[in-house]
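> Attaching a single structure in C-alpha cells format; questions to follow.
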Amino acid sequence: MHVVGYGAAIVLSIAGVVMLTLQMGKLEAAATEGQDELAGMERQAEAIVLPTDEERARWSTDQNLMASMLLADAEIPALLQDVTRLATLNQLGRFELATEEFVIADGAELSPDQALMQSVGILRHITVTVGFSADYRNVAEFVRDVGNLPRLVEFVSVQLTRQPSTISVTMSFRVYQSETAA
C-alpha cells in the first residue's frame, strides 16, 4: 500500500515538475517578447526629431493667429450684423438667417471632423444658415465676402435652385468659437 502511495506521489511530483518547466518556458518567451517590444519602442524614440526653436516660434505664431480668428461669445451679434450687411451689400432678396450653437461634449463619440476640431483645441462653433434669392454674380460675391470675414469660416453646404429670373440659395457655414466663459 505504501508503495502505491509513494508511486502516486512520485508521478504527481514528476507531473508538477513538467508543468513548472512548461510554465517557465512560457514566462521566458513572454519576457523575450517584452524585451523585443521595448527595444522596438526605444528605436522609435531614438528616431524622433524634436522641433527646432524656429519651428516652435512658427507654431506659437500660428497658434496666436488662430486664436485671434476664433469668435468670442460677445462677438456673435457683430458677426450676424456683418453677414446681414453683406447680404444687403450684395442685393440678396428674401434674406433669412438662423444660427445653431454646437459644443463638443466630454466623452461624446466624435465624428472625424469633430475629432480634428478637438485636436486643435476648438470645442465650440456656431452654424449659420442663410436663405436668399439673387442672381449668380451676387451669390458668388456674397460667398466670397463671407469667406473673407476675419474669422475661421467653413462652408458646410450650399444648395442652389434655379428660379425663372434668380437663384434660390440655402447655405450653411460654421464659425469657430474661442473657449471664453459664457
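Chain labels run A, B, ... following the order of the C-alpha cells; each chain numbers its residues from 1, and ligands are numbered from 1 in the order shown.
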When you look at Ala78 (chain A) with a cut-off of 12 Å (counting only C-alpha atoms), what residues show up, excluding the ones that are within fewer than 6 positions of it in the same chain? I need them as a list in words.

Leu71, Ala72, Thr84, Arg85, Leu149, Pro150 and Arg151 of chain A

> I want to know what sits within 10 Å of Glu154 (chain A), based on only C-alpha atoms, with residues of the same chain fewer than 5 positions away left out; could you give that as a PyMOL selection string?

chain A and resi 127+146-147+172-176

> Report the residues of chain A whose backbone DSSP state falls under strand (DSSP E or B), written as number ranges by chain.

A: 71, 93-103, 124-134, 153-162, 167-177

> Could the residues in this selection be saved with N, CA and C atoms as a short mmCIF file (atom, residue, chain, number, x, y, z; two decimals), in the first residue's frame?


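In the end it all went to again.cif:
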data_model
loop_
_atom_site.label_atom_id
_atom_site.label_comp_id
_atom_site.auth_asym_id
_atom_site.auth_seq_id
_atom_site.Cartn_x
_atom_site.Cartn_y
_atom_site.Cartn_z
N LEU A 71 -14.06 83.15 -32.70
CA LEU A 71 -15.13 84.07 -32.32
C LEU A 71 -15.39 83.99 -30.82
N GLY A 93 -32.19 89.00 -52.04
CA GLY A 93 -33.61 89.11 -51.75
C GLY A 93 -34.08 88.03 -50.80
N ARG A 94 -35.18 88.29 -50.10
CA ARG A 94 -35.80 87.34 -49.16
C ARG A 94 -34.76 86.72 -48.22
N PHE A 95 -33.91 87.54 -47.64
CA PHE A 95 -32.81 87.06 -46.79
C PHE A 95 -33.34 86.58 -45.45
N GLU A 96 -32.97 85.35 -45.08
CA GLU A 96 -33.32 84.76 -43.78
C GLU A 96 -32.04 84.22 -43.16
N LEU A 97 -31.96 84.29 -41.82
CA LEU A 97 -30.75 83.86 -41.12
C LEU A 97 -31.15 83.11 -39.86
N ALA A 98 -30.49 81.99 -39.59
CA ALA A 98 -30.71 81.22 -38.36
C ALA A 98 -29.35 80.72 -37.87
N THR A 99 -29.23 80.55 -36.56
CA THR A 99 -27.97 80.05 -36.00
C THR A 99 -28.24 78.88 -35.08
N GLU A 100 -27.21 78.05 -34.95
CA GLU A 100 -27.26 76.92 -34.00
C GLU A 100 -25.87 76.76 -33.41
N GLU A 101 -25.79 76.72 -32.08
CA GLU A 101 -24.51 76.55 -31.42
C GLU A 101 -24.25 75.07 -31.20
N PHE A 102 -23.00 74.67 -31.37
CA PHE A 102 -22.60 73.28 -31.18
C PHE A 102 -21.42 73.24 -30.22
N VAL A 103 -21.51 72.35 -29.22
CA VAL A 103 -20.44 72.16 -28.25
C VAL A 103 -20.05 70.70 -28.25
N ARG A 124 -16.10 74.45 -29.72
CA ARG A 124 -17.41 75.05 -29.98
C ARG A 124 -17.42 75.74 -31.35
N HIS A 125 -18.59 75.76 -31.96
CA HIS A 125 -18.79 76.56 -33.16
C HIS A 125 -20.26 76.89 -33.27
N ILE A 126 -20.56 77.91 -34.06
CA ILE A 126 -21.95 78.16 -34.40
C ILE A 126 -22.10 77.88 -35.88
N THR A 127 -23.23 77.31 -36.23
CA THR A 127 -23.57 77.10 -37.63
C THR A 127 -24.58 78.17 -38.00
N VAL A 128 -24.24 78.93 -39.02
CA VAL A 128 -25.12 79.98 -39.53
C VAL A 128 -25.73 79.46 -40.82
N THR A 129 -27.05 79.47 -40.89
CA THR A 129 -27.75 79.04 -42.10
C THR A 129 -28.50 80.25 -42.64
N VAL A 130 -28.26 80.54 -43.90
CA VAL A 130 -28.92 81.67 -44.55
C VAL A 130 -29.68 81.17 -45.78
N GLY A 131 -30.78 81.82 -46.05
CA GLY A 131 -31.57 81.55 -47.25
C GLY A 131 -31.83 82.87 -47.95
N PHE A 132 -31.77 82.86 -49.27
CA PHE A 132 -31.99 84.10 -50.02
C PHE A 132 -32.16 83.78 -51.50
N SER A 133 -32.48 84.82 -52.25
CA SER A 133 -32.53 84.69 -53.71
C SER A 133 -31.72 85.84 -54.30
N ALA A 134 -31.06 85.56 -55.40
CA ALA A 134 -30.21 86.57 -56.05
C ALA A 134 -29.79 86.03 -57.42
N VAL A 153 -14.00 80.50 -41.00
CA VAL A 153 -15.31 80.17 -41.57
C VAL A 153 -15.15 78.92 -42.42
N GLU A 154 -16.04 77.97 -42.21
CA GLU A 154 -16.03 76.74 -43.01
C GLU A 154 -17.41 76.57 -43.63
N PHE A 155 -17.48 76.58 -44.96
CA PHE A 155 -18.76 76.37 -45.63
C PHE A 155 -19.11 74.89 -45.52
N VAL A 156 -20.33 74.63 -45.03
CA VAL A 156 -20.77 73.26 -44.81
C VAL A 156 -21.62 72.77 -45.97
N SER A 157 -22.53 73.62 -46.43
CA SER A 157 -23.37 73.22 -47.56
C SER A 157 -23.87 74.46 -48.31
N VAL A 158 -24.06 74.28 -49.59
CA VAL A 158 -24.66 75.31 -50.44
C VAL A 158 -25.63 74.59 -51.37
N GLN A 159 -26.88 74.98 -51.30
CA GLN A 159 -27.89 74.40 -52.17
C GLN A 159 -28.44 75.51 -53.07
N LEU A 160 -28.37 75.28 -54.37
CA LEU A 160 -28.85 76.26 -55.35
C LEU A 160 -30.03 75.68 -56.10
N THR A 161 -31.07 76.49 -56.26
CA THR A 161 -32.23 76.10 -57.04
C THR A 161 -32.52 77.21 -58.03
N ARG A 162 -32.53 76.87 -59.30
CA ARG A 162 -32.76 77.89 -60.33
C ARG A 162 -34.24 78.29 -60.34
N ILE A 167 -31.67 82.85 -58.50
CA ILE A 167 -31.33 81.56 -57.90
C ILE A 167 -31.77 81.62 -56.45
N SER A 168 -32.41 80.57 -56.01
CA SER A 168 -32.78 80.44 -54.61
C SER A 168 -31.64 79.66 -53.92
N VAL A 169 -31.13 80.20 -52.81
CA VAL A 169 -29.95 79.63 -52.17
C VAL A 169 -30.24 79.35 -50.70
N THR A 170 -29.80 78.18 -50.24
CA THR A 170 -29.73 77.87 -48.81
C THR A 170 -28.29 77.46 -48.56
N MET A 171 -27.67 78.17 -47.62
CA MET A 171 -26.24 77.97 -47.40
C MET A 171 -25.98 77.91 -45.90
N SER A 172 -25.11 76.98 -45.49
CA SER A 172 -24.71 76.89 -44.08
C SER A 172 -23.20 76.99 -43.99
N PHE A 173 -22.75 77.70 -42.96
CA PHE A 173 -21.31 77.77 -42.69
C PHE A 173 -21.09 77.80 -41.19
N ARG A 174 -19.92 77.31 -40.80
CA ARG A 174 -19.54 77.27 -39.40
C ARG A 174 -18.54 78.38 -39.10
N VAL A 175 -18.69 78.95 -37.91
CA VAL A 175 -17.74 79.92 -37.43
C VAL A 175 -17.27 79.38 -36.07
N TYR A 176 -15.97 79.18 -35.95
CA TYR A 176 -15.42 78.53 -34.76
C TYR A 176 -15.26 79.53 -33.63
N GLN A 177 -15.55 79.06 -32.41
CA GLN A 177 -15.56 79.92 -31.24
C GLN A 177 -14.40 79.64 -30.30
#

> Please return, as number ranges by chain, all residues of chain A that DSSP assigns to alpha helix (DSSP H) on the basis of the backbone.

A: 2-47, 53-69, 76-89, 112-119, 136-147
